[in-house]
2 protein chains.
Amino acid sequence: MMSVPYKKTLGMLAALAALPLTIASAYGESALSAEEVAKAKKLYFDRCAGCHGTLRKGATGPNITDENMKKKNYTADVASAFITNGTPGGMPAFGGGELSEADIKLVANFLMEPPPAPPEMGLAEIKESWKLIVPEAQRPKKPEHNRNWKNYFGVVLRDAGKVAILDGDTKEVVNIVNTGFAIHILRSSASGRYFYSIGRDGKASMIDLWMDKPGVVAEVKTCHDARSIDSSKYNGPKGNFEDKLAIVGCYWPPHIAIMDGQTLEPKKLISTRSYTYDTNEFVNEARVAAIIAGHKDPVWIANIKEAGYIWTIDYSDLKNMKITMAETERFLHDGGWDATKRYVQMAANMRNKMVVVDSETGKQIAQIETGQKPHPGRGANWVDPKYGPVTATPHLGEGKVAAWGSDPKGHKENAWKVVRNVETLGGGGLFVKTHPKAKHVWVDHTLNPDDKIKRSVCAFEKADPAKKNCWQVADHGRVTHFEYNQAGTEIWVAVWDQVGELVVYDDKTLKEIKRIKGDWLRTPTGHFNVYNGMTDTY
Amino acid sequence: MMSVPYKKTLGMLAALAALPLTIASAYGESALSAEEVAKAKKLYFDRCAGCHGTLRKGATGPNITDENMKKKNYTADVASAFITNGTPGGMPAFGGGELSEADIKLVANFLMEPPPAPPEMGLAEIKESWKLIVPEAQRPKKPEHNRNWKNYFGVVLRDAGKVAILDGDTKEVVNIVNTGFAIHILRSSASGRYFYSIGRDGKASMIDLWMDKPGVVAEVKTCHDARSIDSSKYNGPKGNFEDKLAIVGCYWPPHIAIMDGQTLEPKKLISTRSYTYDTNEFVNEARVAAIIAGHKDPVWIANIKEAGYIWTIDYSDLKNMKITMAETERFLHDGGWDATKRYVQMAANMRNKMVVVDSETGKQIAQIETGQKPHPGRGANWVDPKYGPVTATPHLGEGKVAAWGSDPKGHKENAWKVVRNVETLGGGGLFVKTHPKAKHVWVDHTLNPDDKIKRSVCAFEKADPAKKNCWQVADHGRVTHFEYNQAGTEIWVAVWDQVGELVVYDDKTLKEIKRIKGDWLRTPTGHFNVYNGMTDTY
């Protein structure tokens with residue numbers, strides 16, 4: 001998944017073990033009033049559930065169920081201390097103004113009680129939320145403008161609840177579109193005409209780029225909590241599915257929602273509640289962490305995070321869906337294609353592994369130990385001068401990019417083995433990026449605790465990874481996420497701040513071309529090029 | 001599913017609507033003690049859950065959740081009246097000695113409160129229950145006897161918790177094996193050597209027929225509530241899976257359990273919790289009602305009852321299982337193969353339909369409206385003189401056998417259309433049976449309310465269905481279930497009573513050959529021939 005904010009990404013893991021327990025005291029009050037529970041539920045959902053799960057069983061963050069807290073003798077006061085001060089392991093500090101003391105105490109007490117059952121959501125309720133704002137017949141038959149829309153960038157303005165559409169040729173703002181709460185990512189439809197967005201509240205929206213002023217043409221709330229969206233991209237002997245379907249992967253309820261790709265009309269739900277692949281314990285909260293669309297087959301690949309399964313979902317017949325359920329590794333997060341778009345490479349980040357599924361068969365074919373908490377985004381593919389085609393990931397837990405052979409046909413000896421480690425400035429790396437026509441591979445350090453490092457990027461040459469440059473991009477915020485223009489000559493990186501920036505570099509010379517600024521540029525957490533998105537070029 | 005007892009098979013459906021509500025009074029007491037809840041839970045589970053579901057949401061019986069009861073103004077007194085007196089729609093009377101007045105009142109009050117959450121069951125707990133009584137190395141290398149074991153019959157002695165093994169040639173009892181609580185069905189392994197049994201309490205057992213005195217060689221409790229079991233039967237280019245795996249379909253927790261076919265060592269669980277195929281509402285209790293094993297492909301076909309899906313489960317690679325989920329119809333119950341073992345035909349009995357899935361693709365290809373509540377058991381296949389190959393089902397709700405064309409290649413014009421209706425003596429039919437070498441097709445009336453009819457069978461000629469004979473088999477109990485001997489010349493039918501009988505007829509002459517009796521023959525509810533079971537000949 002892209003653009004995961006700092007507050008939600010790292011857990012209390014190391015710290016929970018390390019912090020001295022001198023602050024422990026008797027259990028805090030329990031028996032909250034209905035109003036207090038309602039408020040605590042909302043605070044928890046907005047601030048904590050991303051890492052710890054709606055049912056608190058943990059994922060990126062540790063298990064903080066009431067049973068587990070009590071087992072460790074963590075009282076409400078201990079919980080308050082963690083929430084207020086954060087932990088060196090990555091849990092952010094919510095004290096000092098982020099949350100009031102009263103709210104922190106409320107959440108801490110809420111954690112001492114069993115989690116309330118989160119509501120289900122069926123198709124009828126989802127359909128009620130569906131809004132077809134501009135029906136297909138009323139949309140343009142051809143682009144209403146002469147811009148090169150395949151080089152548009154969609155920029156997530158996270159805290160503003162908006163998406164900015166920028167012209168990648170001119171760097172002008174084409175429009176700023178209201179999409180709603182906490183947009184997580186954008187994905188391009190197969191034709192590139194539509195951007196699909198997904199909010200952390202489960203709301204999916206689609207933006208038509210053929211409109212003179214691109215706007216939302218349809219929206220639907222697919223669940224209460226979601227992170228991933230994609231569209232159907234296959235066009236071949238089994239049918240032309242380009243722009244025909246959209247899919248959302250939900251955190252709660254744990255399901256997959258399939259919509260019409262032209263209207264977002266909801267069509268079908270598939271439950272992802274599962275037994276874990278290894279111990280076969282039932283996981284009610286088996287969340288869908290990432291989805292990518294096949295180009296060679298009519299399939300979506302979806303991570304069932306807590307269960308450790310990767311599902312290859314054949315969408316060619318919705319009434320008779322075929323799912324291959326590959327046992328891989330637990331706590332699946334993000335990932336992407338190899339250069340041929342046959343092999344899916346996903347991070348089981350809490351297991352320090354990338355796992356590889358062959359999308360032709362839906363079977364796991366390899367696991368690769370890469371380093372501390374790999375977080376590839378969608379990863380980066382290039383041809384290494386010595387090892388042939390490779391794919392790479394940065395790491396949350398250490399300062400390196402690991403690249404492994406991803407060409408089992410041409411370079412069998414290197415396949416699914418780490419062949420290169422390129423040192424970066426430190427841990428906290430979220431994204432690595434390159435382009436088939438680019439000279440460099442780029443990497444960020446977004447979640448590094450050091451102010452200088454978190455604002456710095458490194459770029460190294462594909463032809464000689466030892467040729468590496470690192471520099472500070474900005475003196476504020478955090479620097480995160482890369483996207484190339486369509487031609488692969490320019491790369492955009494975001495300064496994620498309340499008033500952020502987009503900095504455009506020449507990939508060949510590493511020179512700054514343009515610094516896009518403005519009050520409208522609030523909390524840019526991800527930017528997506530149409531052409532590279534529709535073709536999965538990365 | 002075979003051998004469903006009267007008490008669990010029919011619901012309160014018609015009656016709940018029809019009964020005058022003069023008996024209604026104020027809501028009964030609530031707030032049962034923990035002890036009372038424990039007792040009520042057990043009573044409900046043993047007597048009610050089969051039809052109404054552990055979570056009370058209904059299936060064969062109606063929805064009797066506390067919300068639904070309150071919506072209909074059904075008080076504890078109304079519920080007591082139903083439980084005591086039964087209903088003409090098929091709900092049995094539990095008054096008059098079956099349950100005490102106090103117990104009836106307890107269950108009625110229990111139904112006024114929300115159902116307690118039933119316990120989960122993961123692989124660790126299942127493994128703890130696993131007993132390998134005779135390891136493979138200690139089992140005979142060849143049959144220890146000279147009997148024709150492929151003509152053995154396994155007879156379920158339901159209330160005794162035993163399985164009798166009879167020699168189909170001599171009709172002698174070979175052994176009586178203790179298997180435990182309420183055995184529901186037996187299935188033969190591909191080689192025929194093993195009988196697998198499943199109890200309503202989820203306990204699976206396997207009996208080795210090569211032993212001089214066949215006995216249980218392994219057992220495992222796969223869940224809290226189950227109805228179906230089968231083994232892996234495929235042997236072909238994709239591997240030899242004969243006797244390699246066993247599968248149990250559970251009611252609660254709603255899952256599929258896969259075991260080693262030689263030892264019953266539990267290997268894997270798959271959750272079946274699903275959204276309904278039509279309205280896409282989440283069903284926590286999406287129960288597995290029937291499973292049949294493929295011969296032409298390494299697949300099991302499983303009914304996800306409440307959700308209305310038929311899953312075709314490819315077991316050739318347990319680490320990368322492939323499931324095709326066909327949308328069919330709700331309340332799937334029982335069914336079986338066509339004569340070629342390519343098409344699976346399952347009853348959606350509360351929808352008066354048979355649904356057909358092509359096991360080669362896993363897709364639904366037809367639905368057939370056959371009559372009021374079809375209940376085929378596994379159905380009967382024969383070649384009709386006019387319409388070619390047909391498959392047939394009796395009905396719970398009306399007195400007829402409906403036969404439809406099941407040869408889409410050779411007789412496309414008749415495929416999946418009812419081509420014949422053969423009248424029987426009345427409703428309550430559970431099973432129809434024939435054999436490729438038999439002259440007749442046989443049908444029972446097990447659940448008919450009339451004493452004479454429920455003890456009668458009909459047999460009609462394949463070559464001329466108008467040539468039909470019906471007669472009373474016994475003057476006690478209920479007559480149910482058929483099975484041929486290996487040669488297809490003799491047919492066995494059970495008199496289901498506290499001390500029951502097995503009556504053997506000559507299929508050609510319809511003459512009684514033998515009446516097997518004995519105190520040991522307690523509540524025979526199903527009898528299974530090894531050869532016909534291993535080859536799915538019916």
# chains A, B, ... in the order shown; residues from 1 in each chain; ligands from 1
$ select_by_dssp --residues "stretch 226-323 of chain B" --states "strand (DSSP E or B)" --output "NGL selection string"
:B and (226-231 or 235-236 or 239-240 or 245-252 or 255-260 or 266-271 or 274-275 or 282-283 or 288-293 or 299-304 or 309-314 or 320-323)
$ residues_around --residues "B:Phe460" --least-positions-apart "4" --cutoff "9 Å" --atoms "only C-alpha atoms" --output "PDB file with all heavy atoms, in the first residue's frame"
ATOM      1  N   VAL B 422     -43.170 -39.634 -11.640  1.00  0.00           N
ATOM      2  CA  VAL B 422     -43.775 -40.910 -11.249  1.00  0.00           C
ATOM      3  C   VAL B 422     -44.414 -40.717  -9.880  1.00  0.00           C
ATOM      4  O   VAL B 422     -43.739 -40.324  -8.917  1.00  0.00           O
ATOM      5  CB  VAL B 422     -42.715 -42.032 -11.200  1.00  0.00           C
ATOM      6  CG1 VAL B 422     -43.358 -43.352 -10.757  1.00  0.00           C
ATOM      7  CG2 VAL B 422     -42.042 -42.192 -12.553  1.00  0.00           C
ATOM      8  N   LYS B 439     -33.347 -53.662 -12.546  1.00  0.00           N
ATOM      9  CA  LYS B 439     -34.530 -53.504 -13.383  1.00  0.00           C
ATOM     10  C   LYS B 439     -35.400 -52.348 -12.877  1.00  0.00           C
ATOM     11  O   LYS B 439     -36.065 -51.679 -13.657  1.00  0.00           O
ATOM     12  CB  LYS B 439     -35.326 -54.811 -13.325  1.00  0.00           C
ATOM     13  CG  LYS B 439     -36.560 -54.851 -14.215  1.00  0.00           C
ATOM     14  CD  LYS B 439     -37.250 -56.216 -14.073  1.00  0.00           C
ATOM     15  CE  LYS B 439     -38.528 -56.262 -14.891  1.00  0.00           C
ATOM     16  NZ  LYS B 439     -39.285 -57.509 -14.613  1.00  0.00           N
ATOM     17  N   HIS B 440     -35.372 -52.136 -11.548  1.00  0.00           N
ATOM     18  CA  HIS B 440     -36.308 -51.200 -10.926  1.00  0.00           C
ATOM     19  C   HIS B 440     -35.640 -49.951 -10.360  1.00  0.00           C
ATOM     20  O   HIS B 440     -34.432 -49.935 -10.114  1.00  0.00           O
ATOM     21  CB  HIS B 440     -37.069 -51.911  -9.788  1.00  0.00           C
ATOM     22  CG  HIS B 440     -38.052 -52.911 -10.278  1.00  0.00           C
ATOM     23  ND1 HIS B 440     -37.751 -54.258 -10.414  1.00  0.00           N
ATOM     24  CD2 HIS B 440     -39.340 -52.764 -10.683  1.00  0.00           C
ATOM     25  CE1 HIS B 440     -38.810 -54.903 -10.867  1.00  0.00           C
ATOM     26  NE2 HIS B 440     -39.796 -54.026 -11.048  1.00  0.00           N
ATOM     27  N   VAL B 441     -36.489 -48.956 -10.112  1.00  0.00           N
ATOM     28  CA  VAL B 441     -36.116 -47.762  -9.353  1.00  0.00           C
ATOM     29  C   VAL B 441     -36.965 -47.776  -8.092  1.00  0.00           C
ATOM     30  O   VAL B 441     -38.184 -47.997  -8.171  1.00  0.00           O
ATOM     31  CB  VAL B 441     -36.400 -46.481 -10.167  1.00  0.00           C
ATOM     32  CG1 VAL B 441     -36.023 -45.241  -9.355  1.00  0.00           C
ATOM     33  CG2 VAL B 441     -35.668 -46.508 -11.501  1.00  0.00           C
ATOM     34  N   TRP B 442     -36.339 -47.559  -6.947  1.00  0.00           N
ATOM     35  CA  TRP B 442     -37.026 -47.686  -5.646  1.00  0.00           C
ATOM     36  C   TRP B 442     -37.140 -46.329  -4.950  1.00  0.00           C
ATOM     37  O   TRP B 442     -36.226 -45.508  -5.040  1.00  0.00           O
ATOM     38  CB  TRP B 442     -36.260 -48.663  -4.747  1.00  0.00           C
ATOM     39  CG  TRP B 442     -36.174 -50.062  -5.295  1.00  0.00           C
ATOM     40  CD1 TRP B 442     -35.535 -50.459  -6.426  1.00  0.00           C
ATOM     41  CD2 TRP B 442     -36.760 -51.235  -4.721  1.00  0.00           C
ATOM     42  NE1 TRP B 442     -35.674 -51.824  -6.609  1.00  0.00           N
ATOM     43  CE2 TRP B 442     -36.419 -52.329  -5.567  1.00  0.00           C
ATOM     44  CE3 TRP B 442     -37.529 -51.490  -3.581  1.00  0.00           C
ATOM     45  CZ2 TRP B 442     -36.825 -53.641  -5.301  1.00  0.00           C
ATOM     46  CZ3 TRP B 442     -37.932 -52.789  -3.308  1.00  0.00           C
ATOM     47  CH2 TRP B 442     -37.588 -53.858  -4.172  1.00  0.00           C
ATOM     48  N   VAL B 443     -38.232 -46.144  -4.223  1.00  0.00           N
ATOM     49  CA  VAL B 443     -38.428 -44.867  -3.522  1.00  0.00           C
ATOM     50  C   VAL B 443     -39.139 -45.111  -2.188  1.00  0.00           C
ATOM     51  O   VAL B 443     -39.975 -46.016  -2.077  1.00  0.00           O
ATOM     52  CB  VAL B 443     -39.199 -43.856  -4.414  1.00  0.00           C
ATOM     53  CG1 VAL B 443     -40.551 -44.407  -4.839  1.00  0.00           C
ATOM     54  CG2 VAL B 443     -39.352 -42.506  -3.734  1.00  0.00           C
ATOM     55  N   ASP B 464     -40.302 -49.201 -18.172  1.00  0.00           N
ATOM     56  CA  ASP B 464     -41.692 -48.761 -18.302  1.00  0.00           C
ATOM     57  C   ASP B 464     -42.168 -48.271 -16.932  1.00  0.00           C
ATOM     58  O   ASP B 464     -42.746 -49.031 -16.147  1.00  0.00           O
ATOM     59  CB  ASP B 464     -42.569 -49.929 -18.799  1.00  0.00           C
ATOM     60  CG  ASP B 464     -44.012 -49.475 -18.975  1.00  0.00           C
ATOM     61  OD1 ASP B 464     -44.308 -48.291 -18.710  1.00  0.00           O
ATOM     62  OD2 ASP B 464     -44.838 -50.311 -19.369  1.00  0.00           O
ATOM     63  N   PRO B 465     -41.943 -47.018 -16.650  1.00  0.00           N
ATOM     64  CA  PRO B 465     -42.236 -46.484 -15.316  1.00  0.00           C
ATOM     65  C   PRO B 465     -43.697 -46.642 -14.895  1.00  0.00           C
ATOM     66  O   PRO B 465     -44.003 -46.529 -13.718  1.00  0.00           O
ATOM     67  CB  PRO B 465     -41.838 -45.002 -15.438  1.00  0.00           C
ATOM     68  CG  PRO B 465     -40.809 -44.986 -16.506  1.00  0.00           C
ATOM     69  CD  PRO B 465     -41.244 -46.031 -17.495  1.00  0.00           C
ATOM     70  N   ALA B 466     -44.565 -46.898 -15.853  1.00  0.00           N
ATOM     71  CA  ALA B 466     -45.975 -47.133 -15.475  1.00  0.00           C
ATOM     72  C   ALA B 466     -46.113 -48.448 -14.722  1.00  0.00           C
ATOM     73  O   ALA B 466     -47.079 -48.644 -13.978  1.00  0.00           O
ATOM     74  CB  ALA B 466     -46.852 -47.138 -16.717  1.00  0.00           C
ATOM     75  N   LYS B 467     -45.207 -49.359 -14.923  1.00  0.00           N
ATOM     76  CA  LYS B 467     -45.242 -50.638 -14.191  1.00  0.00           C
ATOM     77  C   LYS B 467     -44.645 -50.412 -12.809  1.00  0.00           C
ATOM     78  O   LYS B 467     -43.425 -50.421 -12.627  1.00  0.00           O
ATOM     79  CB  LYS B 467     -44.458 -51.707 -14.943  1.00  0.00           C
ATOM     80  CG  LYS B 467     -45.181 -52.144 -16.199  1.00  0.00           C
ATOM     81  CD  LYS B 467     -44.519 -53.356 -16.819  1.00  0.00           C
ATOM     82  CE  LYS B 467     -45.208 -53.745 -18.111  1.00  0.00           C
ATOM     83  NZ  LYS B 467     -44.306 -54.484 -19.021  1.00  0.00           N
ATOM     84  N   LYS B 468     -45.518 -50.185 -11.859  1.00  0.00           N
ATOM     85  CA  LYS B 468     -45.104 -49.744 -10.527  1.00  0.00           C
ATOM     86  C   LYS B 468     -45.769 -50.605  -9.471  1.00  0.00           C
ATOM     87  O   LYS B 468     -46.959 -50.919  -9.582  1.00  0.00           O
ATOM     88  CB  LYS B 468     -45.518 -48.285 -10.345  1.00  0.00           C
ATOM     89  CG  LYS B 468     -45.102 -47.650  -9.048  1.00  0.00           C
ATOM     90  CD  LYS B 468     -45.503 -46.193  -9.007  1.00  0.00           C
ATOM     91  CE  LYS B 468     -47.020 -46.034  -9.002  1.00  0.00           C
ATOM     92  NZ  LYS B 468     -47.456 -44.635  -9.038  1.00  0.00           N
ATOM     93  N   ASN B 469     -45.026 -51.016  -8.478  1.00  0.00           N
ATOM     94  CA  ASN B 469     -45.579 -51.737  -7.337  1.00  0.00           C
ATOM     95  C   ASN B 469     -45.251 -50.986  -6.056  1.00  0.00           C
ATOM     96  O   ASN B 469     -44.130 -50.512  -5.896  1.00  0.00           O
ATOM     97  CB  ASN B 469     -44.946 -53.129  -7.248  1.00  0.00           C
ATOM     98  CG  ASN B 469     -45.519 -54.065  -8.288  1.00  0.00           C
ATOM     99  OD1 ASN B 469     -46.591 -54.614  -8.105  1.00  0.00           O
ATOM    100  ND2 ASN B 469     -44.807 -54.215  -9.392  1.00  0.00           N
ATOM    101  N   CYS B 470     -46.226 -50.890  -5.156  1.00  0.00           N
ATOM    102  CA  CYS B 470     -46.002 -50.269  -3.850  1.00  0.00           C
ATOM    103  C   CYS B 470     -46.519 -51.226  -2.778  1.00  0.00           C
ATOM    104  O   CYS B 470     -47.551 -51.884  -2.978  1.00  0.00           O
ATOM    105  CB  CYS B 470     -46.766 -48.946  -3.743  1.00  0.00           C
ATOM    106  SG  CYS B 470     -46.324 -47.743  -5.021  1.00  0.00           S
TER     107      CYS B 470
END
$ residues_around --residues "A:Lys409" --least-positions-apart "4" --cutoff "12 Å" --atoms "only C-alpha atoms" --output "number ranges by chain"
A: 340, 342-343, 388-389, 405, 413-416
$ residues_around --residues "stretch 33-43 of chain B" --least-positions-apart "5" --cutoff "7 Å" --atoms "only C-alpha atoms" --output "list in words"
Leu106, Val107 and Phe110 of chain B
$ atom_distance --atom1 "atom CA of B:Asp475" --atom2 "atom CA of B:Lys452"
7.8 Å
$ select_by_dssp --residues "stretch 417-512 of chain B" --states "alpha helix (DSSP H)" --output "PyMOL selection string"
chain B and resi 451-454
$ write_last_selection --atoms "all heavy atoms" --output "mmCIF file, in the first residue's frame"
data_model
loop_
_atom_site.group_PDB
_atom_site.id
_atom_site.type_symbol
_atom_site.label_atom_id
_atom_site.label_comp_id
_atom_site.auth_asym_id
_atom_site.auth_seq_id
_atom_site.Cartn_x
_atom_site.Cartn_y
_atom_site.Cartn_z
ATOM 1 N N ASP B 451 -49.043 -43.792 8.977
ATOM 2 C CA ASP B 451 -48.280 -44.964 9.412
ATOM 3 C C ASP B 451 -48.047 -45.966 8.289
ATOM 4 O O ASP B 451 -46.953 -46.525 8.157
ATOM 5 C CB ASP B 451 -48.991 -45.660 10.577
ATOM 6 C CG ASP B 451 -48.665 -44.985 11.911
ATOM 7 O OD1 ASP B 451 -47.734 -44.148 11.936
ATOM 8 O OD2 ASP B 451 -49.335 -45.288 12.906
ATOM 9 N N LYS B 452 -49.085 -46.213 7.497
ATOM 10 C CA LYS B 452 -48.925 -47.200 6.416
ATOM 11 C C LYS B 452 -47.961 -46.694 5.354
ATOM 12 O O LYS B 452 -47.098 -47.430 4.871
ATOM 13 C CB LYS B 452 -50.284 -47.486 5.775
ATOM 14 C CG LYS B 452 -51.087 -48.501 6.561
ATOM 15 C CD LYS B 452 -52.329 -48.930 5.809
ATOM 16 C CE LYS B 452 -53.128 -49.885 6.697
ATOM 17 N NZ LYS B 452 -54.520 -50.002 6.252
ATOM 18 N N ILE B 453 -48.157 -45.428 4.995
ATOM 19 C CA ILE B 453 -47.337 -44.891 3.891
ATOM 20 C C ILE B 453 -45.873 -44.774 4.293
ATOM 21 O O ILE B 453 -44.979 -45.124 3.520
ATOM 22 C CB ILE B 453 -47.909 -43.523 3.420
ATOM 23 C CG1 ILE B 453 -49.312 -43.735 2.836
ATOM 24 C CG2 ILE B 453 -46.987 -42.874 2.393
ATOM 25 C CD1 ILE B 453 -50.027 -42.449 2.459
ATOM 26 N N LYS B 454 -45.622 -44.325 5.516
ATOM 27 C CA LYS B 454 -44.217 -44.147 5.928
ATOM 28 C C LYS B 454 -43.478 -45.478 6.005
ATOM 29 O O LYS B 454 -42.252 -45.514 6.040
ATOM 30 C CB LYS B 454 -44.136 -43.375 7.252
ATOM 31 C CG LYS B 454 -44.424 -44.178 8.515
ATOM 32 C CD LYS B 454 -44.490 -43.274 9.737
ATOM 33 C CE LYS B 454 -44.705 -44.087 11.003
ATOM 34 N NZ LYS B 454 -45.075 -43.251 12.157
#
$ closest_atom_pairs --of "chain A" --to "chain B" --cutoff "8 Å" --atoms "only C-alpha atoms" --output "JSON lines"
{"residue": "A:Glu120", "atom": "CA", "partner": "B:Phe282", "partner_atom": "CA", "distance": 7.4}
{"residue": "A:Met121", "atom": "CA", "partner": "B:Glu281", "partner_atom": "CA", "distance": 7.7}
{"residue": "A:Gly122", "atom": "CA", "partner": "B:Glu281", "partner_atom": "CA", "distance": 4.7}
{"residue": "A:Leu123", "atom": "CA", "partner": "B:Asn280", "partner_atom": "CA", "distance": 5.3}
{"residue": "A:Ala124", "atom": "CA", "partner": "B:Thr279", "partner_atom": "CA", "distance": 7.2}
{"residue": "A:Lys268", "atom": "CA", "partner": "B:Asn280", "partner_atom": "CA", "distance": 6.7}
{"residue": "A:Leu269", "atom": "CA", "partner": "B:Asn280", "partner_atom": "CA", "distance": 6.1}
{"residue": "A:Ile270", "atom": "CA", "partner": "B:Tyr275", "partner_atom": "CA", "distance": 6.3}
{"residue": "A:Ser271", "atom": "CA", "partner": "B:Ser274", "partner_atom": "CA", "distance": 5.4}
{"residue": "A:Arg273", "atom": "CA", "partner": "B:Ser271", "partner_atom": "CA", "distance": 7.0}
{"residue": "A:Ser274", "atom": "CA", "partner": "B:Ser271", "partner_atom": "CA", "distance": 5.4}
{"residue": "A:Tyr275", "atom": "CA", "partner": "B:Ile270", "partner_atom": "CA", "distance": 6.3}
{"residue": "A:Thr279", "atom": "CA", "partner": "B:Leu123", "partner_atom": "CA", "distance": 6.5}
{"residue": "A:Asn280", "atom": "CA", "partner": "B:Leu123", "partner_atom": "CA", "distance": 5.3}
{"residue": "A:Glu281", "atom": "CA", "partner": "B:Gly122", "partner_atom": "CA", "distance": 4.7}
{"residue": "A:Phe282", "atom": "CA", "partner": "B:Gly122", "partner_atom": "CA", "distance": 6.4}
{"residue": "A:Lys319", "atom": "CA", "partner": "B:Glu327", "partner_atom": "CA", "distance": 5.4}
{"residue": "A:Asn320", "atom": "CA", "partner": "B:Ala326", "partner_atom": "CA", "distance": 4.2}
{"residue": "A:Met321", "atom": "CA", "partner": "B:Met325", "partner_atom": "CA", "distance": 5.3}
{"residue": "A:Lys322", "atom": "CA", "partner": "B:Thr324", "partner_atom": "CA", "distance": 4.1}
{"residue": "A:Ile323", "atom": "CA", "partner": "B:Ile323", "partner_atom": "CA", "distance": 5.4}
{"residue": "A:Thr324", "atom": "CA", "partner": "B:Lys322", "partner_atom": "CA", "distance": 4.1}
{"residue": "A:Met325", "atom": "CA", "partner": "B:Asn320", "partner_atom": "CA", "distance": 5.2}
{"residue": "A:Ala326", "atom": "CA", "partner": "B:Asn320", "partner_atom": "CA", "distance": 4.2}
{"residue": "A:Glu327", "atom": "CA", "partner": "B:Lys319", "partner_atom": "CA", "distance": 5.4}
{"residue": "A:Gly362", "atom": "CA", "partner": "B:Asn320", "partner_atom": "CA", "distance": 7.2}
{"residue": "A:Lys363", "atom": "CA", "partner": "B:Asn320", "partner_atom": "CA", "distance": 5.5}
{"residue": "A:Gln364", "atom": "CA", "partner": "B:Asn320", "partner_atom": "CA", "distance": 7.3}
$ write_last_selection --atoms "C-alpha atoms" --output "compact mmCIF listing (two decimals), in the first residue's frame"
# COMPACT_ATOMS: atom_id res chain seq x y z
CA GLU A 120 -21.35 -5.73 9.39
CA MET A 121 -22.08 -4.19 5.99
CA GLY A 122 -23.96 -6.04 3.26
CA LEU A 123 -24.73 -5.21 -0.35
CA ALA A 124 -28.04 -3.49 0.42
CA LYS A 268 -20.71 -8.68 -5.32
CA LEU A 269 -19.06 -9.25 -1.93
CA ILE A 270 -16.63 -12.01 -1.00
CA SER A 271 -15.78 -12.64 2.64
CA ARG A 273 -12.50 -14.29 7.02
CA SER A 274 -10.04 -17.14 7.10
CA TYR A 275 -7.96 -19.55 9.09
CA THR A 279 -1.61 -22.68 12.73
CA ASN A 280 -5.10 -22.75 11.19
CA GLU A 281 -6.65 -20.49 13.83
CA PHE A 282 -9.74 -18.58 12.80
CA LYS A 319 -21.24 -15.89 -11.01
CA ASN A 320 -18.62 -18.64 -10.83
CA MET A 321 -15.56 -16.98 -9.37
CA LYS A 322 -12.38 -18.98 -9.09
CA ILE A 323 -9.94 -18.20 -6.30
CA THR A 324 -6.55 -19.82 -5.80
CA MET A 325 -5.50 -19.46 -2.18
CA ALA A 326 -1.71 -19.60 -1.86
CA GLU A 327 -0.23 -20.18 1.59
CA GLY A 362 -1.85 -18.69 -8.38
CA LYS A 363 0.81 -20.69 -6.54
CA GLN A 364 3.57 -19.42 -4.26
$ closest_atom_pairs --of "stretch 43-127 of chain A" --to "stretch 167-186 of chain A" --cutoff "12 Å" --atoms "only C-alpha atoms" --output "tab-separated table"
residue	atom	partner	partner_atom	distance
A:Asp46	CA	A:Ala182	CA	9.9
A:Arg47	CA	A:Ala182	CA	11.9
A:Gly50	CA	A:His184	CA	11.6
$ write_last_selection --atoms "C-alpha atoms" --output "JSON list (two decimals), in the first residue's frame"
[["chain", "number", "residue", "atom", "x", "y", "z"],
["A", 46, "ASP", "CA", -9.20, 7.02, 13.42],
["A", 47, "ARG", "CA", -5.90, 6.85, 15.28],
["A", 50, "GLY", "CA", -4.73, 1.13, 11.21]]
$ closest_residue --among "B:Trp210, B:Phe195, B:Phe82, B:Phe331" --to "B:Glu306" --atoms "only C-alpha atoms"
B:Phe331
$ atom_distance --atom1 "atom CA of A:Leu396" --atom2 "atom CA of A:Gly335"
14.1 Å
$ atom_distance --atom1 "atom CA of A:Ala494" --atom2 "atom CA of A:Trp520"
13.7 Å
$ residues_around --residues "B:Lys511" --least-positions-apart "6" --cutoff "10 Å" --atoms "only C-alpha atoms" --output "MDAnalysis selection string"
chainID B and resid 490 504:505
$ write_last_selection --atoms "C-alpha atoms" --output "short mmCIF file (atom, residue, chain, number, x, y, z; two decimals), in the first residue's frame"
data_model
loop_
_atom_site.label_atom_id
_atom_site.label_comp_id
_atom_site.auth_asym_id
_atom_site.auth_seq_id
_atom_site.Cartn_x
_atom_site.Cartn_y
_atom_site.Cartn_z
CA GLU B 490 -30.47 -57.31 -4.49
CA VAL B 504 -33.43 -57.57 1.35
CA TYR B 505 -35.38 -57.82 -1.92
#
